[in-house]
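**Q** Shown below is the structure under consideration.
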Amino acid sequence: MNTHLFKSFFLGGFECSTHRLRTGRRLDLVASTRHDEFAARDYRLLQQHGIRSARDGFRWHLIERTPGRYDWSSVTPMLHAARDTGMQVIWDLWHYGWPDDLDLFSADFVRRFTGYARAAADQISKFDPAPCICPLNEISFISWAAADAGFFFPFAKERGPELKRHLVRTTIEAIHAMRAVNPAIRFFQIEPLINVIPREDRPEDAPLAESYRQSQFEVWDMLSGRAAPELGGSEELLDVAGCNYYIHNQWVHLGGPGSTVLPSNPRYRHVSAMLREVHERYHRPLFIAETGIENAARPAWLAYMCGEVFAALRTGVPVEGLCLYPIVNHPGWDDDRHCANGLFDYADESGERATFESLAIELARQQRILDAMRAGDALARTETAAAVHALDVAARQMEELTDSTRTSTANE
């Protein structure tokens, strides 16, 4: 059924965003969750719950304070922790943040990131002979957020397509540089899965909605050389497709506030169908690279997503894994509120983290269902009805989410 790509089907993702807010303050979620202090303890904690693969991140702004000079002290303890615990890690080299002296839109950004990526690949390869690396996380999202919608630094408008091409070119240059260092590196190109539909009273908007929906494939198309071949893309540059999916990833085009399309909506598109579309389009390994929700809905959301992923697996879609993201609660980006969206909570002074038990119980149940599917035994058939029921429960719980929870989850 699966999988040789990851050590475990379920992964845990450590939030590692480092972008600047409008106030000028730079986020550092690795530090604010104290994961940099307690990485080895955190990895062992995941392993206690059957999670042996993870997503984690480098912080470029700390590594290259001076152009061309690299200080690895912020990440070396984490590399040691991964090796010492046997944790397989997908390392994000860029999770929305970059050194202060760089202009995101400049040619120098391409050159500097490529140099940094080459050096990072060399550093990681000292600890892992076959590293897993995500060069630039969610190019589609950051291009929209930072260069169209203008609510991420540098708060630009009407430059989204320009930035998307720029970051794809950066990725292409960086992959070539890293492969020259270590041909064994596996590259993960991680993008949001979305669905956009027209308002029911405006069927004439269907082409616009579909055009927006198709935009989710632009980065993968450019990397593979299927679009904008002048950027240098080619099929071998598209390695593993990471698919991020949250409750707000389906919406009504120009629908206004509250336009999120929830699982109970008859026009909602099943995630299993979205995964199948990605597979049929690219024929690459794929996985759910991020998924999660806040508060009491966490177990129901996991049950829902597992139901969709397992449905895709049963139809032959090679889904390699599902990453609970974030795996650790963290402070809100804009207001430092305590976001209860992980399996584990804030660390105490000794590094201990409380477990959200109902999510842990659901995770264990889904692990048993997966094992039964792989074995083809009766438990898988017995659990099928329970999984269908979980989808219904999840849909109802999604409907009951407060507007504030929907909004805060979207902002995270």
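Identifiers in the structure tokens: chain A, B, ... in order shown; residue index from 1 per chain; ligand index from 1 in order shown.
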If you run DSSP over the backbone, which residues in segment 161-192 of chain A end up helix (DSSP H, G or I)? Put them as a ChimeraX atom specification.

**A** /A:161-181

**Q** With C-alpha atoms retained, export the selected residues as a compact mmCIF listing (two decimals), in the first residue's frame.

**A**
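Output file selection28.txt is given in full below:
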# COMPACT_ATOMS: atom_id res chain seq x y z
CA PRO A 161 2.90 36.37 -10.69
CA GLU A 162 6.27 38.15 -10.81
CA LEU A 163 7.25 36.84 -7.39
CA LYS A 164 6.05 33.33 -8.17
CA ARG A 165 8.29 33.13 -11.25
CA HIS A 166 11.16 34.65 -9.28
CA LEU A 167 10.89 32.08 -6.49
CA VAL A 168 10.54 29.19 -8.94
CA ARG A 169 13.72 30.35 -10.67
CA THR A 170 15.39 30.54 -7.25
CA THR A 171 14.28 26.98 -6.47
CA ILE A 172 15.59 25.67 -9.78
CA GLU A 173 19.01 27.26 -9.28
CA ALA A 174 19.15 26.00 -5.70
CA ILE A 175 18.24 22.41 -6.59
CA HIS A 176 20.99 22.27 -9.20
CA ALA A 177 23.49 23.62 -6.67
CA MET A 178 22.42 21.15 -3.97
CA ARG A 179 22.46 18.16 -6.31
CA ALA A 180 26.05 19.03 -7.18
CA VAL A 181 26.83 18.69 -3.46

**Q** Within segment 173-353 of chain A, find each residue whose DSSP state, derived from the backbone, is strand (DSSP E or B), and express the selection as a ChimeraX atom specification.

**A** /A:186-192,195-197,240-244,250-252,260,286-291,319-324,328,330-331,338-339,344-347,353

**Q** May I ask which of the residues A:Ala82, A:Ile185, A:Thr260, A:Pro207 is the closest one to Leu237 of chain A, counting only C-alpha atoms?

**A** A:Ile185

**Q** Restricting the calculation to only C-alpha atoms, which member of A:Ala296, A:Val309, A:Leu208, A:Val252 is positioned closest to Ile369 of chain A?

**A**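 Among A:Ala296, A:Val309, A:Leu208, A:Val252, it is A:Val309 that comes nearest to Ile369 of chain A.
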
**Q** Kindly give the distance, in Å, that separates atom CA of Asp334 of chain A and atom CA of Pro192 of chain A, rounded to a single decimal.

**A** 21.6 Å

**Q** Given only C-alpha atoms as the basis, pick out the residue of A:Met305, A:Ala228, A:Leu359, A:Cys243 nearest to Pro263 of chain A.

**A** A:Met305

**Q** A:Gln366, A:Phe109, A:Leu254, A:Phe141: which is nearest Asp201 of chain A, counting only C-alpha atoms?

**A**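 That would be A:Leu254, the residue with the smallest distance to Asp201 of chain A.
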
**Q** Can you tell me which residues surround Asn329 of chain A at a distance of at most 8 Å, considering only C-alpha atoms, apart from same-chain residues fewer than 3 positions away, and format the answer as a list in words?

**A**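 My list of contacting residues is Thr33, Pro326, His338, Cys339, Ala340, Asn341, Gly342, Leu343, Phe344, Asp345 and Tyr346 of chain A.
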
**Q** Those same residues, written as a PDB file, in the first residue's frame with N, CA and C atoms?

**A**
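out_24.pdb written:
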ATOM      1  N   THR A  33       8.609  28.464  20.529  1.00  0.00           N
ATOM      2  CA  THR A  33       8.119  27.187  21.053  1.00  0.00           C
ATOM      3  C   THR A  33       9.200  26.432  21.826  1.00  0.00           C
ATOM      4  N   PRO A 326       0.608  22.271  12.995  1.00  0.00           N
ATOM      5  CA  PRO A 326       1.847  22.018  13.723  1.00  0.00           C
ATOM      6  C   PRO A 326       1.670  20.895  14.730  1.00  0.00           C
ATOM      7  N   HIS A 338      -2.247  31.881  22.654  1.00  0.00           N
ATOM      8  CA  HIS A 338      -1.893  30.465  22.770  1.00  0.00           C
ATOM      9  C   HIS A 338      -2.731  29.671  21.769  1.00  0.00           C
ATOM     10  N   CYS A 339      -2.135  29.258  20.657  1.00  0.00           N
ATOM     11  CA  CYS A 339      -2.859  28.510  19.622  1.00  0.00           C
ATOM     12  C   CYS A 339      -2.851  27.027  19.980  1.00  0.00           C
ATOM     13  N   ALA A 340      -4.012  26.506  20.307  1.00  0.00           N
ATOM     14  CA  ALA A 340      -4.139  25.096  20.678  1.00  0.00           C
ATOM     15  C   ALA A 340      -4.404  24.281  19.431  1.00  0.00           C
ATOM     16  N   ASN A 341      -3.358  24.044  18.651  1.00  0.00           N
ATOM     17  CA  ASN A 341      -3.512  23.358  17.372  1.00  0.00           C
ATOM     18  C   ASN A 341      -2.564  22.183  17.195  1.00  0.00           C
ATOM     19  N   GLY A 342      -1.856  21.797  18.250  1.00  0.00           N
ATOM     20  CA  GLY A 342      -0.901  20.711  18.141  1.00  0.00           C
ATOM     21  C   GLY A 342      -1.285  19.488  18.942  1.00  0.00           C
ATOM     22  N   LEU A 343      -0.458  18.470  18.825  1.00  0.00           N
ATOM     23  CA  LEU A 343      -0.595  17.290  19.670  1.00  0.00           C
ATOM     24  C   LEU A 343       0.015  17.547  21.041  1.00  0.00           C
ATOM     25  N   PHE A 344       1.002  18.460  21.088  1.00  0.00           N
ATOM     26  CA  PHE A 344       1.704  18.768  22.323  1.00  0.00           C
ATOM     27  C   PHE A 344       1.652  20.262  22.611  1.00  0.00           C
ATOM     28  N   ASP A 345       1.810  20.607  23.875  1.00  0.00           N
ATOM     29  CA  ASP A 345       1.671  21.994  24.315  1.00  0.00           C
ATOM     30  C   ASP A 345       3.042  22.644  24.512  1.00  0.00           C
ATOM     31  N   TYR A 346       3.030  23.849  25.055  1.00  0.00           N
ATOM     32  CA  TYR A 346       4.264  24.564  25.367  1.00  0.00           C
ATOM     33  C   TYR A 346       5.140  23.722  26.310  1.00  0.00           C
TER      34      TYR A 346
END
